[in-house]
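Participant: Below is input-v9.txt; it holds compact mmCIF, C-alpha atoms and all ligand atoms.
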# COMPACT_ATOMS: atom_id res chain seq x y z
CA MET A 1276 95.95 -31.27 -51.38
CA ASP A 1277 96.59 -27.82 -52.77
CA PHE A 1278 94.05 -25.02 -52.36
CA LYS A 1279 96.13 -22.60 -54.43
CA LEU A 1280 94.71 -21.33 -57.71
CA THR A 1281 96.89 -21.45 -60.80
CA ILE A 1282 98.22 -18.18 -62.18
CA GLN A 1283 95.78 -18.46 -65.07
CA GLN A 1284 92.81 -19.04 -62.74
CA GLU A 1285 93.79 -16.00 -60.67
CA MET A 1286 94.18 -13.86 -63.78
CA ILE A 1287 90.75 -14.89 -65.04
CA ARG A 1288 89.12 -14.22 -61.68
CA ASN A 1289 90.76 -10.78 -61.48
CA ALA A 1290 89.86 -9.87 -65.06
CA VAL A 1291 86.21 -10.84 -64.51
CA ARG A 1292 86.21 -8.96 -61.19
CA ASP A 1293 87.43 -5.80 -62.99
CA PHE A 1294 84.85 -6.20 -65.73
CA THR A 1295 82.10 -6.65 -63.14
CA GLU A 1296 83.15 -3.52 -61.24
CA LYS A 1297 83.32 -1.37 -64.37
CA GLU A 1298 80.52 -2.69 -66.58
CA ILE A 1299 78.06 -4.78 -64.58
CA LYS A 1300 77.71 -3.25 -61.11
CA PRO A 1301 76.86 0.26 -62.37
CA VAL A 1302 73.88 -0.98 -64.43
CA ALA A 1303 72.61 -3.91 -62.35
CA GLY A 1304 70.03 -1.99 -60.29
CA GLN A 1305 68.62 -0.16 -63.29
CA TYR A 1306 68.39 -3.29 -65.46
CA ASP A 1307 66.63 -5.08 -62.59
CA GLU A 1308 64.15 -2.21 -62.30
CA GLU A 1309 63.48 -2.09 -66.05
CA ARG A 1310 63.61 -5.88 -66.59
CA ARG A 1311 66.13 -5.17 -69.36
CA PHE A 1312 68.27 -7.95 -70.83
CA PRO A 1313 71.95 -6.83 -70.86
CA TYR A 1314 72.63 -7.39 -74.58
CA GLN A 1315 75.66 -5.08 -74.76
CA ASN A 1316 77.40 -6.53 -71.72
CA ILE A 1317 76.76 -10.09 -72.81
CA LYS A 1318 78.38 -9.33 -76.17
CA LYS A 1319 81.42 -7.84 -74.42
CA MET A 1320 81.60 -10.82 -72.05
CA ALA A 1321 81.50 -13.21 -75.01
CA GLU A 1322 84.36 -11.28 -76.61
CA LEU A 1323 86.33 -11.75 -73.39
CA GLY A 1324 85.80 -15.53 -73.61
CA MET A 1325 83.16 -15.97 -70.90
CA MET A 1326 80.55 -17.84 -72.97
CA GLY A 1327 82.44 -21.00 -73.92
CA MET A 1328 84.76 -21.47 -70.99
CA ASN A 1329 84.82 -25.28 -71.29
CA ILE A 1330 84.75 -25.38 -75.09
CA PRO A 1331 87.88 -26.08 -77.16
CA VAL A 1332 89.43 -23.10 -78.91
CA GLU A 1333 88.80 -24.63 -82.34
CA TYR A 1334 85.04 -24.24 -81.74
CA GLY A 1335 85.48 -20.67 -80.51
CA GLY A 1336 85.67 -21.39 -76.79
CA SER A 1337 88.29 -20.21 -74.29
CA ASP A 1338 88.78 -23.71 -72.78
CA VAL A 1339 89.99 -22.42 -69.42
CA GLY A 1340 88.49 -25.18 -67.30
CA VAL A 1341 85.66 -25.64 -64.84
CA VAL A 1342 87.43 -24.13 -61.81
CA ALA A 1343 88.10 -20.88 -63.72
CA TYR A 1344 84.50 -20.97 -64.95
CA SER A 1345 83.22 -21.28 -61.37
CA LEU A 1346 85.38 -18.36 -60.22
CA ALA A 1347 84.15 -16.26 -63.16
CA ILE A 1348 80.46 -16.94 -62.46
CA THR A 1349 80.99 -16.01 -58.78
CA GLU A 1350 82.62 -12.70 -59.77
CA ILE A 1351 79.88 -11.85 -62.29
CA ALA A 1352 77.20 -12.65 -59.68
CA LYS A 1353 78.77 -10.19 -57.25
CA GLY A 1354 77.59 -7.56 -59.71
CA CYS A 1355 74.38 -9.03 -61.07
CA ALA A 1356 72.69 -12.43 -60.79
CA SER A 1357 70.92 -11.94 -64.13
CA HIS A 1358 74.21 -11.50 -66.03
CA ALA A 1359 75.54 -14.56 -64.19
CA VAL A 1360 72.63 -16.89 -64.91
CA THR A 1361 72.67 -15.90 -68.60
CA THR A 1362 76.38 -16.73 -68.70
CA SER A 1363 75.94 -19.99 -66.81
CA VAL A 1364 73.08 -21.31 -68.96
CA THR A 1365 74.72 -20.21 -72.22
CA ASN A 1366 77.90 -22.07 -71.25
CA MET A 1367 75.79 -25.12 -70.42
CA VAL A 1368 74.05 -25.01 -73.81
CA ALA A 1369 77.38 -24.71 -75.64
CA GLU A 1370 78.67 -27.70 -73.65
CA VAL A 1371 75.69 -29.97 -74.31
CA ILE A 1372 75.91 -29.26 -78.05
CA TYR A 1373 79.66 -29.84 -77.95
CA GLU A 1374 79.34 -33.15 -76.05
CA PHE A 1375 76.44 -34.66 -77.98
CA GLY A 1376 75.91 -32.71 -81.23
CA GLN A 1377 76.69 -33.86 -84.74
CA GLU A 1378 79.76 -32.18 -86.19
CA GLU A 1379 77.95 -29.83 -88.60
CA ILE A 1380 75.60 -28.68 -85.83
CA LYS A 1381 78.54 -28.10 -83.51
CA ARG A 1382 80.36 -26.04 -86.14
CA LYS A 1383 77.20 -24.07 -86.91
CA HIS A 1384 76.12 -23.05 -83.42
CA ILE A 1385 78.94 -23.28 -80.89
CA PRO A 1386 81.09 -20.45 -82.32
CA LYS A 1387 78.04 -18.16 -82.33
CA LEU A 1388 77.28 -18.98 -78.70
CA CYS A 1389 80.90 -18.32 -77.77
CA ASN A 1390 81.41 -15.07 -79.69
CA GLY A 1391 78.13 -13.45 -78.70
CA GLU A 1392 76.54 -13.53 -82.14
CA TYR A 1393 73.80 -15.38 -80.24
CA ALA A 1394 73.03 -13.28 -77.16
CA ALA A 1395 72.34 -16.49 -75.24
CA GLY A 1396 71.40 -20.15 -75.40
CA SER A 1397 68.44 -21.80 -73.66
CA PHE A 1398 68.00 -25.16 -71.97
CA ALA A 1399 64.36 -26.11 -72.47
CA ILE A 1400 63.23 -29.13 -70.50
CA THR A 1401 60.67 -27.71 -68.04
CA GLU A 1402 57.00 -27.82 -68.99
CA PRO A 1403 53.93 -26.36 -67.27
CA HIS A 1404 53.17 -29.65 -65.47
CA ALA A 1405 56.74 -31.10 -65.38
CA GLY A 1406 59.34 -29.16 -63.39
CA SER A 1407 61.03 -31.37 -60.79
CA ASP A 1408 59.56 -34.47 -62.47
CA ALA A 1409 61.50 -33.78 -65.64
CA ALA A 1410 61.00 -37.28 -67.10
CA ASN A 1411 57.27 -36.55 -67.25
CA ILE A 1412 57.43 -34.09 -70.17
CA ARG A 1413 54.73 -34.24 -72.85
CA THR A 1414 56.25 -32.35 -75.80
CA THR A 1415 56.52 -34.78 -78.70
CA ALA A 1416 58.92 -35.12 -81.63
CA VAL A 1417 57.77 -37.36 -84.48
CA ARG A 1418 60.24 -38.52 -87.09
CA GLU A 1419 59.16 -37.77 -90.68
CA LYS A 1420 61.77 -38.72 -93.28
CA ASP A 1421 64.78 -36.47 -92.61
CA THR A 1422 63.03 -34.29 -90.07
CA TYR A 1423 61.36 -34.28 -86.67
CA VAL A 1424 58.05 -32.50 -86.13
CA ILE A 1425 57.88 -31.03 -82.63
CA ASN A 1426 54.71 -30.08 -80.74
CA GLY A 1427 54.32 -28.92 -77.17
CA THR A 1428 55.00 -26.17 -74.67
CA LYS A 1429 58.02 -25.36 -72.49
CA SER A 1430 57.76 -23.00 -69.55
CA LEU A 1431 60.03 -20.75 -67.48
CA ILE A 1432 62.85 -21.00 -70.02
CA THR A 1433 65.79 -18.77 -69.11
CA SER A 1434 66.78 -16.31 -71.89
CA GLY A 1435 64.01 -17.73 -74.14
CA GLU A 1436 63.45 -14.45 -75.99
CA ALA A 1437 67.17 -13.61 -76.24
CA SER A 1438 68.53 -16.96 -77.36
CA GLY A 1439 69.81 -17.68 -80.85
CA VAL A 1440 69.58 -21.39 -80.25
CA ILE A 1441 67.83 -23.60 -77.75
CA VAL A 1442 68.22 -27.21 -76.75
CA ALA A 1443 64.76 -28.71 -76.19
CA TRP A 1444 63.65 -32.10 -74.90
CA ALA A 1445 60.75 -34.06 -76.41
CA VAL A 1446 59.25 -37.55 -76.29
CA THR A 1447 60.20 -39.56 -79.37
CA ASN A 1448 58.92 -42.92 -78.09
CA PRO A 1449 55.74 -42.61 -76.02
CA ASN A 1450 55.67 -46.39 -75.43
CA ALA A 1451 59.07 -46.50 -73.74
CA LYS A 1452 59.46 -46.70 -69.96
CA LYS A 1453 59.49 -43.35 -68.16
CA GLY A 1454 62.61 -41.38 -69.04
CA LYS A 1455 63.69 -43.80 -71.80
CA GLY A 1456 61.72 -42.35 -74.72
CA ILE A 1457 62.99 -38.77 -74.47
CA SER A 1458 65.36 -37.12 -76.97
CA ALA A 1459 67.13 -33.77 -77.13
CA PHE A 1460 67.14 -31.39 -80.11
CA VAL A 1461 69.00 -28.25 -81.16
CA ILE A 1462 66.51 -25.68 -82.44
CA GLU A 1463 67.29 -22.37 -84.12
CA LYS A 1464 65.38 -19.28 -83.11
CA GLU A 1465 64.08 -18.61 -86.62
CA THR A 1466 62.57 -22.08 -87.15
CA PRO A 1467 58.91 -21.80 -88.34
CA GLY A 1468 56.50 -23.11 -85.71
CA PHE A 1469 58.76 -22.00 -82.84
CA ILE A 1470 56.99 -19.29 -80.85
CA VAL A 1471 58.39 -17.30 -77.93
CA GLU A 1472 55.74 -15.92 -75.55
CA SER A 1473 56.05 -12.80 -73.33
CA PRO A 1474 58.39 -13.05 -70.36
CA GLU A 1475 57.14 -13.82 -66.85
CA ASP A 1476 57.19 -10.96 -64.33
CA LYS A 1477 59.49 -12.37 -61.65
CA MET A 1478 60.52 -11.47 -58.10
CA GLY A 1479 64.24 -11.57 -58.89
CA HIS A 1480 66.67 -12.15 -61.76
CA ARG A 1481 64.60 -9.49 -63.43
CA ALA A 1482 67.16 -8.73 -66.16
CA SER A 1483 67.09 -12.38 -67.18
CA PRO A 1484 63.83 -13.06 -69.02
CA VAL A 1485 62.12 -16.43 -68.69
CA ASN A 1486 59.60 -17.26 -71.39
CA GLU A 1487 57.11 -19.89 -72.39
CA LEU A 1488 58.16 -21.50 -75.68
CA VAL A 1489 55.58 -23.11 -77.96
CA PHE A 1490 56.31 -25.66 -80.68
CA ASP A 1491 53.48 -25.73 -83.17
CA ASN A 1492 54.36 -28.28 -85.85
CA CYS A 1493 57.93 -27.06 -85.63
CA VAL A 1494 60.02 -28.98 -88.17
CA VAL A 1495 63.73 -29.49 -87.52
CA PRO A 1496 66.27 -31.44 -89.59
CA ALA A 1497 67.08 -34.91 -88.21
CA ASN A 1498 70.72 -33.94 -87.67
CA CYS A 1499 69.58 -31.63 -84.85
CA LEU A 1500 69.17 -34.68 -82.61
CA LEU A 1501 71.69 -34.74 -79.73
CA GLY A 1502 73.12 -38.17 -79.04
CA LYS A 1503 70.79 -41.01 -79.99
CA GLU A 1504 67.02 -41.24 -79.79
CA GLY A 1505 65.98 -42.12 -76.24
CA GLU A 1506 69.17 -40.79 -74.64
CA GLY A 1507 67.74 -37.34 -73.98
CA PHE A 1508 66.87 -37.71 -70.31
CA LYS A 1509 70.33 -38.96 -69.39
CA ILE A 1510 71.88 -36.12 -71.40
CA ALA A 1511 69.75 -33.62 -69.47
CA MET A 1512 70.76 -35.11 -66.12
CA MET A 1513 74.45 -35.09 -67.02
CA GLU A 1514 74.35 -31.47 -68.18
CA LEU A 1515 72.36 -30.39 -65.14
CA ASP A 1516 75.14 -31.78 -62.94
CA GLY A 1517 77.46 -29.23 -64.57
CA GLY A 1518 74.80 -26.52 -64.53
CA ARG A 1519 74.46 -26.95 -60.78
CA ILE A 1520 78.12 -26.00 -60.34
CA GLY A 1521 77.30 -22.79 -62.20
CA ILE A 1522 74.33 -21.97 -59.97
CA GLY A 1523 76.25 -22.82 -56.79
CA SER A 1524 79.02 -20.47 -57.97
CA LEU A 1525 76.44 -17.79 -58.70
CA ALA A 1526 74.92 -18.13 -55.22
CA VAL A 1527 78.33 -17.70 -53.61
CA GLY A 1528 78.80 -14.45 -55.56
CA VAL A 1529 75.41 -13.01 -54.58
CA GLY A 1530 76.01 -14.00 -50.94
CA PHE A 1531 79.41 -12.27 -50.84
CA ALA A 1532 77.96 -9.17 -52.49
CA ALA A 1533 75.28 -8.99 -49.79
CA ILE A 1534 77.56 -9.46 -46.78
CA ASP A 1535 80.36 -7.29 -48.20
CA PHE A 1536 77.88 -4.44 -48.60
CA ALA A 1537 76.33 -4.95 -45.15
CA THR A 1538 79.75 -5.16 -43.50
CA GLU A 1539 80.82 -1.80 -44.93
CA TYR A 1540 77.47 -0.33 -43.88
CA VAL A 1541 77.67 -1.41 -40.22
CA LYS A 1542 81.14 0.13 -39.89
CA LYS A 1543 79.65 3.55 -40.68
CA ARG A 1544 76.15 3.31 -39.23
CA GLU A 1545 75.95 4.48 -35.62
CA ALA A 1546 73.42 3.63 -32.90
CA PHE A 1547 73.58 4.21 -29.16
CA GLY A 1548 76.61 6.41 -29.76
CA LYS A 1549 78.85 3.95 -31.61
CA PRO A 1550 79.15 2.08 -34.92
CA ILE A 1551 76.79 -0.90 -34.93
CA SER A 1552 79.74 -3.10 -35.98
CA SER A 1553 80.81 -2.88 -32.33
CA PHE A 1554 77.77 -4.87 -31.20
CA GLU A 1555 78.18 -8.61 -30.78
CA ALA A 1556 74.85 -9.34 -32.49
CA ILE A 1557 76.23 -7.79 -35.70
CA GLN A 1558 79.69 -9.34 -35.32
CA TRP A 1559 78.19 -12.83 -35.11
CA MET A 1560 76.14 -12.24 -38.25
CA ILE A 1561 79.35 -11.25 -40.05
CA ALA A 1562 81.28 -14.25 -38.69
CA ASP A 1563 78.53 -16.77 -39.56
CA SER A 1564 78.00 -15.32 -43.03
CA TYR A 1565 81.64 -15.39 -44.14
CA THR A 1566 82.14 -18.84 -42.62
CA GLU A 1567 79.13 -20.27 -44.46
CA LEU A 1568 80.04 -18.64 -47.77
CA GLU A 1569 83.66 -19.80 -47.64
CA ALA A 1570 82.46 -23.34 -46.88
CA ALA A 1571 80.02 -23.06 -49.79
CA GLN A 1572 82.77 -21.92 -52.14
CA LEU A 1573 84.95 -24.87 -51.13
CA LEU A 1574 82.13 -27.27 -52.00
CA VAL A 1575 81.54 -25.53 -55.31
CA LEU A 1576 85.23 -25.55 -56.24
CA ARG A 1577 85.54 -29.22 -55.25
CA ALA A 1578 82.70 -30.12 -57.64
CA ALA A 1579 84.31 -27.94 -60.33
CA PHE A 1580 87.68 -29.62 -59.83
CA LEU A 1581 86.11 -33.10 -60.07
CA LYS A 1582 84.35 -32.18 -63.31
CA GLU A 1583 87.50 -30.59 -64.73
CA THR A 1584 89.54 -33.70 -63.95
CA ARG A 1585 86.82 -35.96 -65.40
CA GLN A 1586 85.88 -37.66 -62.15
CA ALA A 1587 82.33 -38.43 -60.97
CA PHE A 1588 80.74 -35.27 -59.57
CA THR A 1589 76.94 -35.74 -59.51
CA LYS A 1590 76.63 -35.89 -55.72
CA GLU A 1591 79.22 -33.18 -55.16
CA ALA A 1592 77.54 -30.78 -57.62
CA SER A 1593 74.18 -31.27 -55.93
CA MET A 1594 75.73 -30.80 -52.47
CA ALA A 1595 77.44 -27.64 -53.66
CA LYS A 1596 74.27 -26.23 -55.19
CA LEU A 1597 72.11 -27.12 -52.19
CA PHE A 1598 74.51 -25.74 -49.59
CA ALA A 1599 75.60 -22.64 -51.50
CA THR A 1600 72.12 -21.46 -52.47
CA GLU A 1601 70.67 -21.99 -48.99
CA ALA A 1602 73.73 -20.47 -47.26
CA ALA A 1603 73.63 -17.43 -49.53
CA ARG A 1604 69.90 -17.03 -48.93
CA ASN A 1605 70.52 -16.98 -45.16
CA VAL A 1606 73.34 -14.49 -45.66
CA ALA A 1607 71.15 -12.20 -47.78
CA ILE A 1608 68.44 -12.24 -45.09
CA ARG A 1609 71.09 -11.30 -42.48
CA ALA A 1610 72.39 -8.52 -44.74
CA VAL A 1611 68.91 -7.00 -44.91
CA GLN A 1612 68.66 -7.28 -41.11
CA MET A 1613 72.02 -5.56 -40.67
CA LEU A 1614 70.79 -2.56 -42.65
CA GLY A 1615 67.54 -2.48 -40.64
CA GLY A 1616 64.67 -0.64 -42.32
CA TYR A 1617 66.98 0.68 -45.05
CA GLY A 1618 67.74 -2.90 -46.07
CA TYR A 1619 64.11 -3.23 -47.04
CA THR A 1620 64.20 -0.23 -49.39
CA LYS A 1621 65.21 0.08 -53.04
CA GLY A 1622 67.78 2.66 -52.00
CA TYR A 1623 70.22 -0.15 -51.16
CA PRO A 1624 71.07 -3.25 -53.20
CA VAL A 1625 70.60 -5.87 -50.47
CA GLU A 1626 66.88 -6.25 -51.18
CA ARG A 1627 67.80 -7.15 -54.79
CA TYR A 1628 70.37 -9.68 -53.59
CA LEU A 1629 67.68 -11.32 -51.44
CA ARG A 1630 65.15 -11.38 -54.30
CA ASP A 1631 67.78 -12.81 -56.64
CA ILE A 1632 69.05 -15.49 -54.29
CA ILE A 1633 65.60 -16.97 -53.75
CA GLY A 1634 65.53 -18.01 -57.41
CA THR A 1635 68.69 -20.06 -57.03
CA THR A 1636 67.06 -22.55 -54.64
CA LEU A 1637 64.44 -23.20 -57.33
CA TYR A 1638 66.00 -23.45 -60.79
CA GLU A 1639 68.32 -26.18 -62.11
CA GLY A 1640 66.67 -28.43 -59.55
CA THR A 1641 65.06 -27.22 -56.33
CA SER A 1642 66.78 -27.80 -52.99
CA GLU A 1643 64.42 -30.75 -52.57
CA VAL A 1644 65.60 -32.28 -55.88
CA GLN A 1645 69.23 -31.85 -54.79
CA ARG A 1646 68.41 -33.77 -51.60
CA ILE A 1647 66.89 -36.57 -53.71
CA VAL A 1648 70.02 -36.75 -55.87
CA ILE A 1649 72.42 -36.67 -52.90
CA SER A 1650 70.58 -39.27 -50.84
CA ARG A 1651 70.21 -41.61 -53.84
CA GLU A 1652 73.91 -41.35 -54.58
CA ILE A 1653 74.74 -42.19 -50.96
CA LEU A 1654 72.18 -44.98 -50.55
CA ASN A 1655 73.00 -46.62 -53.90
CA ARG A 1656 76.75 -46.36 -53.46
N1 LIG A 1701 74.09 -38.63 -64.86
C1 LIG A 1701 73.86 -39.65 -65.70
N2 LIG A 1701 72.71 -40.38 -65.71
C2 LIG A 1701 71.77 -40.03 -64.80
C3 LIG A 1701 71.95 -38.99 -63.89
C4 LIG A 1701 73.17 -38.27 -63.93
N3 LIG A 1701 73.41 -37.26 -63.10
N4 LIG A 1701 70.86 -38.89 -63.12
C5 LIG A 1701 70.02 -39.84 -63.53
N5 LIG A 1701 70.58 -40.52 -64.55
C6 LIG A 1701 69.99 -41.67 -65.26
C7 LIG A 1701 69.73 -42.81 -64.28
O1 LIG A 1701 70.88 -43.61 -64.13
C8 LIG A 1701 68.59 -43.53 -64.97
O2 LIG A 1701 69.10 -44.34 -66.01
P1 LIG A 1701 68.95 -45.95 -65.96
O3 LIG A 1701 67.49 -46.21 -65.82
O4 LIG A 1701 69.54 -46.38 -67.25
O5 LIG A 1701 69.73 -46.37 -64.75
C9 LIG A 1701 67.81 -42.41 -65.63
O6 LIG A 1701 68.71 -41.30 -65.79
C10 LIG A 1701 66.61 -41.98 -64.84
O7 LIG A 1701 67.07 -41.51 -63.59
P2 LIG A 1701 66.14 -41.44 -62.30
O8 LIG A 1701 65.49 -42.75 -62.08
O9 LIG A 1701 66.94 -40.85 -61.19
O10 LIG A 1701 65.01 -40.40 -62.78
P3 LIG A 1701 63.82 -39.74 -61.98
O11 LIG A 1701 62.65 -39.61 -62.87
O12 LIG A 1701 63.61 -40.43 -60.66
O13 LIG A 1701 64.33 -38.22 -61.77
C11 LIG A 1701 65.32 -36.34 -60.66
C12 LIG A 1701 65.25 -37.87 -60.90
C13 LIG A 1701 66.66 -36.18 -59.97
C14 LIG A 1701 64.20 -35.84 -59.74
C15 LIG A 1701 65.29 -35.56 -62.00
O14 LIG A 1701 64.01 -35.61 -62.61
C16 LIG A 1701 65.69 -34.11 -61.82
O15 LIG A 1701 66.87 -33.77 -61.75
N6 LIG A 1701 64.69 -33.17 -61.76
C17 LIG A 1701 64.96 -31.76 -61.70
C18 LIG A 1701 64.99 -31.19 -63.09
C19 LIG A 1701 65.72 -29.89 -63.15
O16 LIG A 1701 66.79 -29.72 -62.57
N7 LIG A 1701 65.18 -28.96 -63.93
C20 LIG A 1701 65.84 -27.73 -64.14
C21 LIG A 1701 65.41 -27.18 -65.44
S1 LIG A 1701 66.67 -26.43 -66.36
C22 LIG A 1701 66.98 -24.97 -65.65
O17 LIG A 1701 66.49 -24.60 -64.63
C23 LIG A 1701 67.98 -24.19 -66.42
C24 LIG A 1701 67.73 -22.76 -66.45
O18 LIG A 1701 67.32 -22.28 -67.47
C25 LIG A 1701 68.08 -21.89 -65.30
Render the structure in this file as structure tokens.

Facilitator:
Amino acid sequence: MDFKLTIQQEMIRNAVRDFTEKEIKPVAGQYDEERRFPYQNIKKMAELGMMGMNIPVEYGGSDVGVVAYSLAITEIAKGCASHAVTTSVTNMVAEVIYEFGQEEIKRKHIPKLCNGEYAAGSFAITEPHAGSDAANIRTTAVREKDTYVINGTKSLITSGEASGVIVAWAVTNPNAKKGKGISAFVIEKETPGFIVESPEDKMGHRASPVNELVFDNCVVPANCLLGKEGEGFKIAMMELDGGRIGIGSLAVGVGFAAIDFATEYVKKREAFGKPISSFEAIQWMIADSYTELEAAQLLVLRAAFLKETRQAFTKEASMAKLFATEAARNVAIRAVQMLGGYGYTKGYPVERYLRDIIGTTLYEGTSEVQRIVISREILNR
């Protein structure tokens, strides 16, 4: 076993770290406050190869591998969770189109996702009544000659208003057993009958809009189908496995940002005549936080390595996401505590880290869904 990164992985991590310091960190607080999507930074990040990190070069990707991707998402998240989730979901959308799309659809959309011509991609499975129970969606797609006519509503869709292309799931065979009659489609932003509603006003990830998307007799060409009819649910599950590596990586980044900031703070802040870093209560918070985050990162990188080397990684991705998001949430709470009353104010970034990290235990499968996946994998082994 070798825990050493390759030279290329280290270079990518360092380059993304530099970019985050220079371009992301300085604007993160303001963009959070204003709920502003970071169009300019996303374009620059695409130009640096961050939007198609597991996509072959011939489709416009940088093809650097899943471990490098995980390291990059962690570095971006140290600056801003909204930038990181946009990057993670856009990479996931490029990957699902690459894995299951027809050649002309791949050639049409993947380069634009990778080069930033599309500011983002969206993964639209969730519906108002079907979040964790994803096989229970009600959006329909009816085949009519060379097209599908799509009707229904998607909710809480990350980057909905910013995306050039979305992948959406719909029921093509309502008589099939649960989960067997669902198909996935690639839908362009400009398609008539595709309506993007106003963004939700969220607690965290405020620079990453989530929108309701409405399909009102939205007609798409039949070649927009991903895989075969009825394979959609499995495709979603497979892609979410990869997505969960992205969110675990993101959580690790937010957690490190929180404890790094709090650790610097306690070295300077004095109480009872000495820096509060000299008190054991604070030292233990530091020790627990770094231990938990380093353990989380090992789980995340293991899942990334398994995916990169084409081994099974469903259980490992869910373990990584579950552990990393919950560990980082605990760390962010401690970071607020370490700053005392100031940690609760907008004058310091730790309150944003805490707001942001709460979202990560909810999207791409709640912690409870990860526990379902992990226990099923173990019990059915
Ligand atoms: N890989 C391949 N196939 C898989 C799979 C996987 N990881 N997981 C399940 N499947 C297959 C199963 O083998 C089964 O196929 P067969 O019947 O042929 O064996 C089929 O899919 C159905 O699987 P389940 O019986 O496990 O399905 P279920 O209805 O019990 O659902 C669930 C299980 C794990 C709860 C699933 O519904 C789930 O993951 N829910 C959470 C959904 C989610 O993560 N949503 C996030 C939205 S996207 C998002 O947040 C992105 C963003 O924008 C930030």

Participant: Could you tell me how far CA of Arg1519 (chain A) lies from CA of Thr1636 (chain A), in Å and to one decimal?

Facilitator: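 Here the two named atoms are 10.6 Å from each other.
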
Participant: How many Å separate CA of Val1291 (chain A) from CA of Ala1356 (chain A)?

Facilitator: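 Result for CA of Val1291 (chain A) versus CA of Ala1356 (chain A): 14.1 Å, one decimal.
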
Participant: Report as a VMD selection string which protein, DNA and RNA residues come within 9 Å of ligand LIG 1701 (chain A), using only C-alpha atoms and all ligand atoms.

Facilitator: chain A and resid 1360 to 1361 1363 to 1364 1367 1397 to 1401 1405 to 1411 1431 to 1435 1453 to 1455 1485 1506 1508 to 1516 1518 to 1519 1522 1588 to 1590 1635 1637 to 1641 1643 to 1648 1651

Participant: Which residues come within 7 Å of Ala1579 (chain A), counting all atoms listed in the file, excluding same-chain residues fewer than 2 positions away, as a ChimeraX atom specification?

Facilitator: /A:1341-1342,1345,1520,1575-1577,1581-1583

Participant: Using only C-alpha atoms, can you list as a list in words the residues within 6 Å of (87.7, -14.4, -60.3)?

Facilitator: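 Looking at atoms near the point gives Ile1287, Arg1288, Asn1289, Val1291, Arg1292, Leu1346, Ala1347 and Glu1350 of chain A.
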
Participant: Kindly give the distance, in Å, that separates CA of Glu1370 (chain A) and CA of Thr1584 (chain A), rounded to a single decimal.

Facilitator: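 We find that CA of Glu1370 (chain A) and CA of Thr1584 (chain A) lie 15.8 Å from each other.
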
Participant: Tell me which protein, DNA and RNA residues are within 9 Å of Gly1456 (chain A), counting only C-alpha atoms, leaving out same-chain ones fewer than 2 positions away, and put them as a PyMOL selection string.

Facilitator: chain A and resi 1445-1454+1458+1504-1508

Participant: Given all atoms listed in the file as the basis, pick out the residue of A:Gly1391, A:Pro1331, A:Pro1624, A:Gly1304 nearest to Ala1537 (chain A).

Facilitator: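 Looking at the shortest contact to Ala1537 (chain A), the residue is A:Pro1624.
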
Participant: Leaving out Ala1602 (chain A) and any residue of its chain fewer than 6 positions from it, which residues lie within 9 Å of it when counting all atoms listed in the file, given as a VMD selection string?

Facilitator: chain A and resid 1526 to 1527 1530 1564 1567 to 1568 1571

Participant: Counting only C-alpha atoms, figure out which residue out of A:Ile1561, A:Val1440, A:Ile1608, A:Cys1389 gets nearest to Ile1317 (chain A).

Facilitator: A:Cys1389

Participant: Hey, which of A:Asn1426, A:Gln1586, A:Asn1605, A:Ser1483 ends up closest to Ala1359 (chain A)? Count only C-alpha atoms.

Facilitator: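 Of A:Asn1426, A:Gln1586, A:Asn1605, A:Ser1483, the one nearest Ala1359 (chain A), counting only C-alpha atoms, is A:Ser1483.
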
Participant: Choose the residue, out of A:Ala1369, A:Ala1587, A:Ile1299, A:Val1471, that has the smallest atom-to-atom separation from Asn1329 (chain A); count only C-alpha atoms.

Facilitator: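 Of the candidates, the smallest distance to Asn1329 (chain A) is held by A:Ala1369.
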
Participant: Step by step: start from the point (56.7, -20.3, -73.6) in the file's coordinates, keep every protein, DNA or RNA residue that has an atom no farther than 8 Å from it, count all atoms listed in the file, and write the set as a ChimeraX atom specification.

Facilitator: /A:1428-1432,1435,1470-1473,1486-1489

Participant: Determine, counting all atoms listed in the file, which protein, DNA and RNA residues have an atom within 12 Å of an atom of region 1616-1621 of chain A; residues of the same chain fewer than 3 positions away are not included. Present the result as a PyMOL selection string.

Facilitator: chain A and resi 1304-1305+1307-1308+1533-1534+1536-1537+1540-1541+1544+1607-1613+1624-1630

Participant: Using all atoms listed in the file, which of the listed residues (A:Thr1600, A:Ile1457, A:Val1339, A:Gly1327) sits closest to Met1286 (chain A)?

Facilitator: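 Nearest candidate to Met1286 (chain A) out of A:Thr1600, A:Ile1457, A:Val1339, A:Gly1327: A:Val1339.
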
Participant: As AutoDock Vina command-line options, what would the box around region 1526-1538 of chain A look like: edges along x, y and z, 4 Å added on every side, centre and edge lengths in Å to one decimal?

Facilitator:
--center_x 77.6 --center_y -11.3 --center_z -49.5 --size_x 13.4 --size_y 21.7 --size_z 20.1
